[in-house]
file structure.pdb (PDB, C-alpha atoms)
ATOM      1  CA  MET A   1     -35.907  -2.940  61.585
ATOM      2  CA  GLU A   2     -34.250  -0.830  64.230
ATOM      3  CA  PRO A   3     -30.776  -1.903  65.371
ATOM      4  CA  SER A   4     -32.033  -2.427  68.917
ATOM      5  CA  ALA A   5     -34.662  -4.901  67.689
ATOM      6  CA  LEU A   6     -32.074  -6.748  65.617
ATOM      7  CA  LEU A   7     -29.675  -6.956  68.567
ATOM      8  CA  ILE A   8     -32.438  -8.151  70.892
ATOM      9  CA  GLU A   9     -33.288 -10.886  68.385
ATOM     10  CA  LEU A  10     -29.622 -11.936  68.324
ATOM     11  CA  PHE A  11     -29.201 -12.000  72.100
ATOM     12  CA  ASP A  12     -32.557 -13.752  72.583
ATOM     13  CA  ARG A  13     -31.152 -16.628  70.537
ATOM     14  CA  ILE A  14     -28.390 -17.002  73.108
ATOM     15  CA  ASP A  15     -31.117 -17.270  75.766
ATOM     16  CA  GLY A  16     -32.774 -20.058  73.815
ATOM     17  CA  HIS A  17     -29.529 -21.990  73.467
ATOM     18  CA  VAL A  18     -28.729 -21.710  77.174
ATOM     19  CA  ARG A  19     -32.239 -22.700  78.254
ATOM     20  CA  ASP A  20     -32.094 -25.756  75.968
ATOM     21  CA  VAL A  21     -28.792 -26.798  77.535
ATOM     22  CA  LEU A  22     -29.889 -26.290  81.138
ATOM     23  CA  GLY A  23     -33.424 -27.643  80.695
ATOM     24  CA  ASP A  24     -33.147 -31.169  82.072
ATOM     25  CA  LEU A  25     -29.824 -31.152  83.890
ATOM     26  CA  GLU A  26     -29.212 -32.128  87.489
ATOM     27  CA  PRO A  27     -26.592 -30.431  89.702
ATOM     28  CA  ASP A  28     -24.000 -33.189  89.186
ATOM     29  CA  ASP A  29     -24.325 -32.818  85.417
ATOM     30  CA  LEU A  30     -22.998 -29.255  85.613
ATOM     31  CA  ASN A  31     -19.484 -30.395  86.558
ATOM     32  CA  TRP A  32     -19.171 -33.470  84.335
ATOM     33  CA  THR A  33     -16.423 -33.298  81.741
ATOM     34  CA  PRO A  34     -15.710 -35.591  78.802
ATOM     35  CA  GLY A  35     -11.995 -35.641  79.635
ATOM     36  CA  ASP A  36      -9.075 -33.990  81.359
ATOM     37  CA  ASP A  37      -8.872 -30.229  80.878
ATOM     38  CA  ALA A  38     -12.300 -30.100  79.199
ATOM     39  CA  ASN A  39     -14.710 -27.408  80.324
ATOM     40  CA  PRO A  40     -17.923 -28.604  81.994
ATOM     41  CA  ILE A  41     -21.379 -27.268  81.157
ATOM     42  CA  GLY A  42     -21.595 -25.313  84.415
ATOM     43  CA  TRP A  43     -18.376 -23.456  83.712
ATOM     44  CA  LEU A  44     -19.247 -22.811  80.057
ATOM     45  CA  VAL A  45     -22.633 -21.271  80.884
ATOM     46  CA  TRP A  46     -21.221 -19.342  83.861
ATOM     47  CA  HIS A  47     -18.391 -18.028  81.666
ATOM     48  CA  LEU A  48     -20.637 -16.915  78.827
ATOM     49  CA  ALA A  49     -22.929 -15.156  81.314
ATOM     50  CA  ARG A  50     -19.959 -13.510  83.042
ATOM     51  CA  VAL A  51     -18.517 -12.260  79.744
ATOM     52  CA  ILE A  52     -21.864 -10.806  78.691
ATOM     53  CA  ASP A  53     -22.345  -9.276  82.150
ATOM     54  CA  LEU A  54     -18.876  -7.742  82.330
ATOM     55  CA  GLN A  55     -18.832  -6.374  78.794
ATOM     56  CA  ILE A  56     -22.398  -5.055  78.716
ATOM     57  CA  ALA A  57     -21.869  -3.325  82.060
ATOM     58  CA  ASP A  58     -18.746  -1.725  80.618
ATOM     59  CA  VAL A  59     -20.402  -0.329  77.481
ATOM     60  CA  ALA A  60     -23.635   0.584  79.306
ATOM     61  CA  HIS A  61     -21.745   2.263  82.160
ATOM     62  CA  THR A  62     -23.646   0.212  84.736
ATOM     63  CA  GLU A  63     -22.690  -2.148  87.524
ATOM     64  CA  GLN A  64     -22.272  -5.825  86.742
ATOM     65  CA  VAL A  65     -25.101  -8.106  87.840
ATOM     66  CA  TRP A  66     -22.399 -10.321  89.401
ATOM     67  CA  VAL A  67     -21.605  -7.730  92.068
ATOM     68  CA  THR A  68     -25.144  -6.466  92.703
ATOM     69  CA  GLY A  69     -26.296  -9.561  94.572
ATOM     70  CA  ASP A  70     -25.010 -12.650  96.298
ATOM     71  CA  TRP A  71     -24.371 -14.485  93.034
ATOM     72  CA  ALA A  72     -20.754 -15.492  93.663
ATOM     73  CA  ARG A  73     -21.584 -17.550  96.748
ATOM     74  CA  GLY A  74     -23.897 -19.732  94.644
ATOM     75  CA  PHE A  75     -20.883 -20.658  92.515
ATOM     76  CA  GLY A  76     -18.352 -21.141  95.321
ATOM     77  CA  LEU A  77     -16.497 -17.999  94.264
ATOM     78  CA  ASP A  78     -15.569 -14.559  95.502
ATOM     79  CA  PRO A  79     -17.508 -11.659  93.932
ATOM     80  CA  ASP A  80     -14.480 -10.524  91.932
ATOM     81  CA  PRO A  81     -15.830  -8.313  89.108
ATOM     82  CA  GLY A  82     -12.784  -9.140  86.981
ATOM     83  CA  ASN A  83     -13.283 -12.911  87.121
ATOM     84  CA  SER A  84     -15.079 -13.884  83.943
ATOM     85  CA  GLY A  85     -13.275 -17.142  83.320
ATOM     86  CA  TYR A  86     -11.112 -15.664  80.584
ATOM     87  CA  GLY A  87      -7.740 -17.413  80.728
ATOM     88  CA  HIS A  88      -8.792 -19.843  83.452
ATOM     89  CA  SER A  89      -6.508 -22.787  84.092
ATOM     90  CA  ALA A  90      -7.995 -26.253  84.610
ATOM     91  CA  VAL A  91      -7.717 -25.688  88.373
ATOM     92  CA  GLN A  92      -9.630 -22.398  88.130
ATOM     93  CA  VAL A  93     -12.282 -23.992  85.916
ATOM     94  CA  ALA A  94     -12.787 -26.694  88.555
ATOM     95  CA  GLN A  95     -13.271 -24.009  91.232
ATOM     96  CA  VAL A  96     -16.438 -22.775  89.508
ATOM     97  CA  GLN A  97     -19.015 -24.932  91.263
ATOM     98  CA  PRO A  98     -22.603 -23.836  90.629
ATOM     99  CA  ARG A  99     -24.559 -25.312  93.548
ATOM    100  CA  ASP A 100     -27.459 -26.178  91.253
ATOM    101  CA  VAL A 101     -29.001 -25.550  87.861
ATOM    102  CA  LYS A 102     -31.406 -23.023  89.363
ATOM    103  CA  ILE A 103     -28.679 -20.585  90.486
ATOM    104  CA  LEU A 104     -26.930 -20.841  87.123
ATOM    105  CA  GLY A 105     -30.176 -20.235  85.260
ATOM    106  CA  ALA A 106     -31.158 -17.372  87.566
ATOM    107  CA  TYR A 107     -27.837 -15.596  87.109
ATOM    108  CA  PHE A 108     -28.012 -16.039  83.346
ATOM    109  CA  THR A 109     -31.611 -14.763  83.321
ATOM    110  CA  ARG A 110     -30.680 -11.661  85.307
ATOM    111  CA  VAL A 111     -27.765 -10.966  82.945
ATOM    112  CA  SER A 112     -30.103 -11.424  79.962
ATOM    113  CA  GLU A 113     -32.616  -8.984  81.447
ATOM    114  CA  SER A 114     -29.903  -6.408  82.074
ATOM    115  CA  THR A 115     -28.599  -6.893  78.534
ATOM    116  CA  ARG A 116     -32.078  -6.478  77.044
ATOM    117  CA  ASP A 117     -32.623  -3.302  79.084
ATOM    118  CA  PHE A 118     -29.465  -1.864  77.557
ATOM    119  CA  LEU A 119     -30.145  -3.087  74.012
ATOM    120  CA  GLU A 120     -33.579  -1.438  74.046
ATOM    121  CA  THR A 121     -31.815   1.926  74.325
ATOM    122  CA  VAL A 122     -29.316   1.449  71.475
ATOM    123  CA  THR A 123     -29.803   3.828  68.552
ATOM    124  CA  PRO A 124     -28.155   3.698  65.122
ATOM    125  CA  ASP A 125     -25.777   6.506  66.124
ATOM    126  CA  ASP A 126     -24.752   4.600  69.278
ATOM    127  CA  LEU A 127     -23.353   1.759  67.187
ATOM    128  CA  ASP A 128     -20.516   4.000  65.959
ATOM    129  CA  ARG A 129     -19.518   5.113  69.472
ATOM    130  CA  ILE A 130     -15.943   4.096  70.293
ATOM    131  CA  VAL A 131     -15.952   1.834  73.354
ATOM    132  CA  ASP A 132     -12.367   0.561  73.335
ATOM    133  CA  GLU A 133      -9.381   2.520  72.044
ATOM    134  CA  ARG A 134      -6.854  -0.208  72.878
ATOM    135  CA  TRP A 135      -7.288  -1.700  69.388
ATOM    136  CA  ASP A 136      -6.378  -0.440  65.929
ATOM    137  CA  PRO A 137      -8.868   0.439  64.671
ATOM    138  CA  PRO A 138     -10.687   1.371  67.870
ATOM    139  CA  VAL A 139     -13.683  -0.838  68.681
ATOM    140  CA  THR A 140     -17.165   0.580  68.203
ATOM    141  CA  LEU A 141     -20.216  -0.395  70.229
ATOM    142  CA  GLY A 142     -21.630  -2.234  67.215
ATOM    143  CA  VAL A 143     -18.502  -4.330  66.781
ATOM    144  CA  ARG A 144     -18.316  -5.040  70.531
ATOM    145  CA  LEU A 145     -21.942  -6.219  70.660
ATOM    146  CA  VAL A 146     -21.374  -8.576  67.723
ATOM    147  CA  SER A 147     -18.226  -9.872  69.422
ATOM    148  CA  ILE A 148     -20.070 -10.487  72.714
ATOM    149  CA  ALA A 149     -22.864 -12.365  70.951
ATOM    150  CA  ASP A 150     -20.460 -14.388  68.816
ATOM    151  CA  ASP A 151     -18.461 -15.489  71.874
ATOM    152  CA  ALA A 152     -21.618 -16.415  73.807
ATOM    153  CA  ILE A 153     -23.080 -18.414  70.918
ATOM    154  CA  GLN A 154     -19.849 -20.367  70.565
ATOM    155  CA  HIS A 155     -19.794 -21.205  74.285
ATOM    156  CA  ALA A 156     -23.472 -22.168  74.243
ATOM    157  CA  GLY A 157     -22.676 -24.530  71.367
ATOM    158  CA  GLN A 158     -19.812 -26.017  73.348
ATOM    159  CA  ALA A 159     -22.134 -26.531  76.330
ATOM    160  CA  ARG A 160     -24.667 -28.240  74.077
ATOM    161  CA  TYR A 161     -21.938 -30.497  72.713
ATOM    162  CA  VAL A 162     -20.777 -31.464  76.223
ATOM    163  CA  LYS A 163     -24.396 -32.169  77.138
ATOM    164  CA  GLY A 164     -24.641 -34.502  74.149
ATOM    165  CA  LEU A 165     -21.502 -36.319  75.255
ATOM    166  CA  LEU A 166     -22.899 -36.545  78.787
ATOM    167  CA  SER A 167     -26.146 -38.086  77.555
ATOM    168  CA  ARG A 168     -24.199 -40.730  75.614
ATOM    169  CA  SER A 169     -21.800 -41.478  78.478
ATOM    170  CA  GLY A 170     -24.391 -42.960  80.819
ATOM    171  CA  SER A 171     -22.828 -40.887  83.614
ATOM    172  CA  GLY A 172     -25.378 -38.106  83.974
ATOM    173  CA  SER A 173     -29.037 -37.762  84.675
ATOM    174  CA  ILE A 174     -29.992 -37.289  81.028
ATOM    175  CA  HIS A 175     -30.299 -40.273  78.707
TER     176      HIS A 175
END
call {"tool": "encode", "arguments": {"input": "structure.pdb", "output": "structure tokens"}}
result
Amino acid sequence: MEPSALLIELFDRIDGHVRDVLGDLEPDDLNWTPGDDANPIGWLVWHLARVIDLQIADVAHTEQVWVTGDWARGFGLDPDPGNSGYGHSAVQVAQVQPRDVKILGAYFTRVSESTRDFLETVTPDDLDRIVDERWDPPVTLGVRLVSIADDAIQHAGQARYVKGLLSRSGSGSIH
């Protein structure tokens, strides 16, 4: 199996997790939280998409999907290419307001397509390319791609967990 096929398989699993989470949600469900300072589903999915978008654009030397369209307006945000949710306070988390499930799913889909386009080009030699010298040892493309996927899978799992809590709470549209 070629590395690109393996990586596509890995990132396609993230797609499946996100689609399962978003599948039967209503707009109000996106901002429900199980408690103070907990991250809602909308923020979790937005954040995982933003991190993938930002980091893939960096290693692929392309523009982020976030800044190539009018995505930010659909989330009540400015199109700041540095805003991925990393380090957000509770106030900043609450400012991420996807207007509906459709915009969140569409942004995630576009990020997934861009990611797949890049992954299809990755060769075995590319995986050893240094993409970040700020670490010791420097980070290779292979390590960065695993890190991106690992982070996204964890956030998708968190979103699925919050969805489960929502369905048991009687507060949302899913029961």
call {"tool": "atom_distance", "arguments": {"input": "structure.pdb", "atom1": "CA of Ala90 (chain A)", "atom2": "CA of Leu48 (chain A)"}}
result
16.7 Å
call {"tool": "resolve_selection", "arguments": {"input": "structure.pdb", "expression": "the PyMOL selection byres ((chain A and resi 3) around 10)", "output": "list in words"}}
result
Met1, Glu2, Ser4, Ala5, Leu6, Leu7, Ile8, Glu9, Leu119, Glu120, Thr121, Val122, Thr123, Pro124, Asp125, Asp126, Leu127 and Gly142 of chain A
call {"tool": "closest_residue", "arguments": {"input": "structure.pdb", "among": "A:Val65, A:Val91, A:Val101, A:Ala49", "to": "Asp37 (chain A)", "atoms": "only C-alpha atoms"}}
result
A:Val91
call {"tool": "resolve_selection", "arguments": {"input": "structure.pdb", "expression": "the PyMOL selection byres ((chain A and resi 50-54) around 8)", "output": "list in words"}}
result
Trp46, His47, Leu48, Ala49, Gln55, Ile56, Ala57, Asp58, Gln64, Val65, Trp66, Pro81, Gly82, Asn83, Ser84, Gly85, Val111, Thr115, Ile148, Ala149 and Ala152 of chain A
call {"tool": "closest_residue", "arguments": {"input": "structure.pdb", "among": "A:Tyr107, A:Trp71, A:Tyr161, A:Phe118", "to": "Phe11 (chain A)", "atoms": "only C-alpha atoms"}}
result
A:Phe118
call {"tool": "axis_aligned_box", "arguments": {"input": "structure.pdb", "around": "region 128-146 of chain A", "padding_each_side": "3 Å", "output": "AutoDock Vina command-line options"}}
result
--center_x -14.2 --center_y -1.7 --center_z 69.0 --size_x 21.6 --size_y 19.7 --size_z 14.7
call {"tool": "closest_residue", "arguments": {"input": "structure.pdb", "among": "A:Arg116, A:Arg168, A:Arg73, A:His88", "to": "Leu44 (chain A)", "atoms": "all atoms listed in the file"}}
result
A:His88
call {"tool": "closest_residue", "arguments": {"input": "structure.pdb", "among": "A:Ala106, A:Leu10, A:Val93, A:Ala38", "to": "Gly69 (chain A)", "atoms": "all atoms listed in the file"}}
result
A:Ala106
call {"tool": "atom_distance", "arguments": {"input": "structure.pdb", "atom1": "CA of Asp100 (chain A)", "atom2": "CA of Arg19 (chain A)"}}
result
14.3 Å
call {"tool": "atom_distance", "arguments": {"input": "structure.pdb", "atom1": "CA of Asp29 (chain A)", "atom2": "CA of Phe75 (chain A)"}}
result
14.5 Å
call {"tool": "closest_residue", "arguments": {"input": "structure.pdb", "among": "A:Asp80, A:Asp36, A:Asp132, A:Asp12", "to": "Thr68 (chain A)", "atoms": "only C-alpha atoms"}}
result
A:Asp80
call {"tool": "closest_residue", "arguments": {"input": "structure.pdb", "among": "A:Ser147, A:Ser171, A:Ser89, A:Thr140", "to": "Trp43 (chain A)", "atoms": "all atoms listed in the file"}}
result
A:Ser89
call {"tool": "resolve_selection", "arguments": {"input": "structure.pdb", "expression": "the PyMOL selection byres ((chain A and resi 162) around 10)", "output": "PyMOL selection string"}}
result
chain A and resi 21+29-30+32-34+38-41+44+156-161+163-168
call {"tool": "decode", "arguments": {"input": "structure.pdb", "residues": "region 91-140 of chain A", "atoms": "N, CA and C atoms", "output": "mmCIF file, in the first residue's frame"}}
result
data_model
loop_
_atom_site.group_PDB
_atom_site.id
_atom_site.type_symbol
_atom_site.label_atom_id
_atom_site.label_comp_id
_atom_site.auth_asym_id
_atom_site.auth_seq_id
_atom_site.Cartn_x
_atom_site.Cartn_y
_atom_site.Cartn_z
ATOM 1 N N VAL A 91 -15.141 32.319 26.489
ATOM 2 C CA VAL A 91 -15.793 33.417 25.760
ATOM 3 C C VAL A 91 -15.553 33.263 24.260
ATOM 4 N N GLN A 92 -14.338 32.945 23.863
ATOM 5 C CA GLN A 92 -14.025 32.760 22.446
ATOM 6 C C GLN A 92 -14.737 31.551 21.867
ATOM 7 N N VAL A 93 -14.836 30.480 22.645
ATOM 8 C CA VAL A 93 -15.572 29.294 22.197
ATOM 9 C C VAL A 93 -17.013 29.685 21.905
ATOM 10 N N ALA A 94 -17.616 30.448 22.792
ATOM 11 C CA ALA A 94 -19.020 30.859 22.630
ATOM 12 C C ALA A 94 -19.225 31.770 21.428
ATOM 13 N N GLN A 95 -18.173 32.422 20.953
ATOM 14 C CA GLN A 95 -18.281 33.307 19.790
ATOM 15 C C GLN A 95 -18.370 32.533 18.476
ATOM 16 N N VAL A 96 -17.977 31.271 18.488
ATOM 17 C CA VAL A 96 -18.076 30.439 17.289
ATOM 18 C C VAL A 96 -19.518 29.957 17.201
ATOM 19 N N GLN A 97 -20.261 30.543 16.280
ATOM 20 C CA GLN A 97 -21.695 30.293 16.169
ATOM 21 C C GLN A 97 -22.047 29.841 14.752
ATOM 22 N N PRO A 98 -21.844 28.556 14.436
ATOM 23 C CA PRO A 98 -22.250 28.117 13.098
ATOM 24 C C PRO A 98 -23.749 28.361 12.932
ATOM 25 N N ARG A 99 -24.122 29.006 11.813
ATOM 26 C CA ARG A 99 -25.539 29.379 11.643
ATOM 27 C C ARG A 99 -26.426 28.168 11.440
ATOM 28 N N ASP A 100 -25.836 27.071 10.946
ATOM 29 C CA ASP A 100 -26.602 25.832 10.796
ATOM 30 C C ASP A 100 -25.648 24.663 10.550
ATOM 31 N N VAL A 101 -26.207 23.479 10.575
ATOM 32 C CA VAL A 101 -25.409 22.272 10.378
ATOM 33 C C VAL A 101 -24.847 22.230 8.956
ATOM 34 N N LYS A 102 -25.600 22.765 8.020
ATOM 35 C CA LYS A 102 -25.196 22.729 6.614
ATOM 36 C C LYS A 102 -23.880 23.481 6.379
ATOM 37 N N ILE A 103 -23.729 24.676 6.962
ATOM 38 C CA ILE A 103 -22.498 25.439 6.752
ATOM 39 C C ILE A 103 -21.308 24.739 7.400
ATOM 40 N N LEU A 104 -21.537 24.152 8.575
ATOM 41 C CA LEU A 104 -20.468 23.424 9.253
ATOM 42 C C LEU A 104 -20.049 22.211 8.433
ATOM 43 N N GLY A 105 -21.024 21.466 7.953
ATOM 44 C CA GLY A 105 -20.729 20.299 7.122
ATOM 45 C C GLY A 105 -20.067 20.671 5.808
ATOM 46 N N ALA A 106 -20.504 21.775 5.212
ATOM 47 C CA ALA A 106 -19.929 22.209 3.930
ATOM 48 C C ALA A 106 -18.474 22.639 4.099
ATOM 49 N N TYR A 107 -18.197 23.371 5.164
ATOM 50 C CA TYR A 107 -16.804 23.773 5.407
ATOM 51 C C TYR A 107 -15.937 22.544 5.649
ATOM 52 N N PHE A 108 -16.411 21.636 6.496
ATOM 53 C CA PHE A 108 -15.649 20.419 6.752
ATOM 54 C C PHE A 108 -15.423 19.627 5.462
ATOM 55 N N THR A 109 -16.450 19.509 4.634
ATOM 56 C CA THR A 109 -16.326 18.783 3.369
ATOM 57 C C THR A 109 -15.273 19.416 2.472
ATOM 58 N N ARG A 110 -15.285 20.737 2.380
ATOM 59 C CA ARG A 110 -14.312 21.423 1.523
ATOM 60 C C ARG A 110 -12.895 21.217 2.057
ATOM 61 N N VAL A 111 -12.729 21.252 3.370
ATOM 62 C CA VAL A 111 -11.419 20.995 3.973
ATOM 63 C C VAL A 111 -10.993 19.556 3.679
ATOM 64 N N SER A 112 -11.920 18.616 3.791
ATOM 65 C CA SER A 112 -11.613 17.211 3.507
ATOM 66 C C SER A 112 -11.188 17.016 2.056
ATOM 67 N N GLU A 113 -11.866 17.689 1.140
ATOM 68 C CA GLU A 113 -11.511 17.586 -0.278
ATOM 69 C C GLU A 113 -10.118 18.149 -0.529
ATOM 70 N N SER A 114 -9.822 19.281 0.070
ATOM 71 C CA SER A 114 -8.504 19.889 -0.075
ATOM 72 C C SER A 114 -7.418 18.982 0.511
ATOM 73 N N THR A 115 -7.728 18.383 1.655
ATOM 74 C CA THR A 115 -6.785 17.463 2.298
ATOM 75 C C THR A 115 -6.535 16.249 1.411
ATOM 76 N N ARG A 116 -7.593 15.676 0.878
ATOM 77 C CA ARG A 116 -7.460 14.508 -0.005
ATOM 78 C C ARG A 116 -6.623 14.861 -1.234
ATOM 79 N N ASP A 117 -6.882 16.029 -1.822
ATOM 80 C CA ASP A 117 -6.101 16.462 -2.986
ATOM 81 C C ASP A 117 -4.610 16.465 -2.665
ATOM 82 N N PHE A 118 -4.270 16.967 -1.477
ATOM 83 C CA PHE A 118 -2.866 16.981 -1.078
ATOM 84 C C PHE A 118 -2.350 15.569 -0.819
ATOM 85 N N LEU A 119 -3.102 14.785 -0.064
ATOM 86 C CA LEU A 119 -2.645 13.437 0.304
ATOM 87 C C LEU A 119 -2.405 12.558 -0.920
ATOM 88 N N GLU A 120 -3.176 12.771 -1.974
ATOM 89 C CA GLU A 120 -2.980 11.992 -3.204
ATOM 90 C C GLU A 120 -1.613 12.221 -3.827
ATOM 91 N N THR A 121 -0.964 13.324 -3.478
ATOM 92 C CA THR A 121 0.344 13.643 -4.058
ATOM 93 C C THR A 121 1.521 13.194 -3.202
ATOM 94 N N VAL A 122 1.262 12.740 -1.981
ATOM 95 C CA VAL A 122 2.337 12.408 -1.043
ATOM 96 C C VAL A 122 3.043 11.117 -1.463
ATOM 97 N N THR A 123 4.360 11.206 -1.565
ATOM 98 C CA THR A 123 5.189 10.051 -1.910
ATOM 99 C C THR A 123 5.943 9.596 -0.662
ATOM 100 N N PRO A 124 6.514 8.401 -0.695
ATOM 101 C CA PRO A 124 7.298 7.949 0.462
ATOM 102 C C PRO A 124 8.410 8.929 0.847
ATOM 103 N N ASP A 125 9.088 9.492 -0.139
ATOM 104 C CA ASP A 125 10.173 10.437 0.161
ATOM 105 C C ASP A 125 9.645 11.709 0.825
ATOM 106 N N ASP A 126 8.428 12.128 0.468
ATOM 107 C CA ASP A 126 7.843 13.335 1.057
ATOM 108 C C ASP A 126 7.679 13.214 2.561
ATOM 109 N N LEU A 127 7.437 12.005 3.051
ATOM 110 C CA LEU A 127 7.164 11.821 4.471
ATOM 111 C C LEU A 127 8.346 12.200 5.359
ATOM 112 N N ASP A 128 9.551 12.188 4.804
ATOM 113 C CA ASP A 128 10.748 12.559 5.561
ATOM 114 C C ASP A 128 11.097 14.039 5.451
ATOM 115 N N ARG A 129 10.346 14.785 4.649
ATOM 116 C CA ARG A 129 10.604 16.219 4.486
ATOM 117 C C ARG A 129 10.342 16.941 5.810
ATOM 118 N N ILE A 130 11.283 17.774 6.215
ATOM 119 C CA ILE A 130 11.137 18.560 7.439
ATOM 120 C C ILE A 130 10.142 19.689 7.156
ATOM 121 N N VAL A 131 9.106 19.764 8.005
ATOM 122 C CA VAL A 131 8.087 20.803 7.831
ATOM 123 C C VAL A 131 8.059 21.800 8.986
ATOM 124 N N ASP A 132 8.773 21.496 10.066
ATOM 125 C CA ASP A 132 8.778 22.396 11.216
ATOM 126 C C ASP A 132 10.071 22.193 11.994
ATOM 127 N N GLU A 133 10.943 23.200 11.928
ATOM 128 C CA GLU A 133 12.239 23.111 12.606
ATOM 129 C C GLU A 133 12.211 23.683 14.016
ATOM 130 N N ARG A 134 11.043 24.089 14.493
ATOM 131 C CA ARG A 134 10.946 24.668 15.835
ATOM 132 C C ARG A 134 11.028 23.607 16.934
ATOM 133 N N TRP A 135 11.040 22.343 16.571
ATOM 134 C CA TRP A 135 11.049 21.252 17.542
ATOM 135 C C TRP A 135 12.375 20.513 17.473
ATOM 136 N N ASP A 136 12.705 19.797 18.518
ATOM 137 C CA ASP A 136 13.907 18.970 18.542
ATOM 138 C C ASP A 136 13.488 17.553 18.898
ATOM 139 N N PRO A 137 13.492 16.627 17.976
ATOM 140 C CA PRO A 137 13.958 16.783 16.600
ATOM 141 C C PRO A 137 12.937 17.527 15.734
ATOM 142 N N PRO A 138 13.409 18.059 14.605
ATOM 143 C CA PRO A 138 12.489 18.728 13.689
ATOM 144 C C PRO A 138 11.373 17.781 13.230
ATOM 145 N N VAL A 139 10.212 18.351 12.950
ATOM 146 C CA VAL A 139 9.031 17.562 12.598
ATOM 147 C C VAL A 139 9.011 17.279 11.096
ATOM 148 N N THR A 140 8.818 16.012 10.763
ATOM 149 C CA THR A 140 8.709 15.620 9.359
ATOM 150 C C THR A 140 7.243 15.694 8.917
#
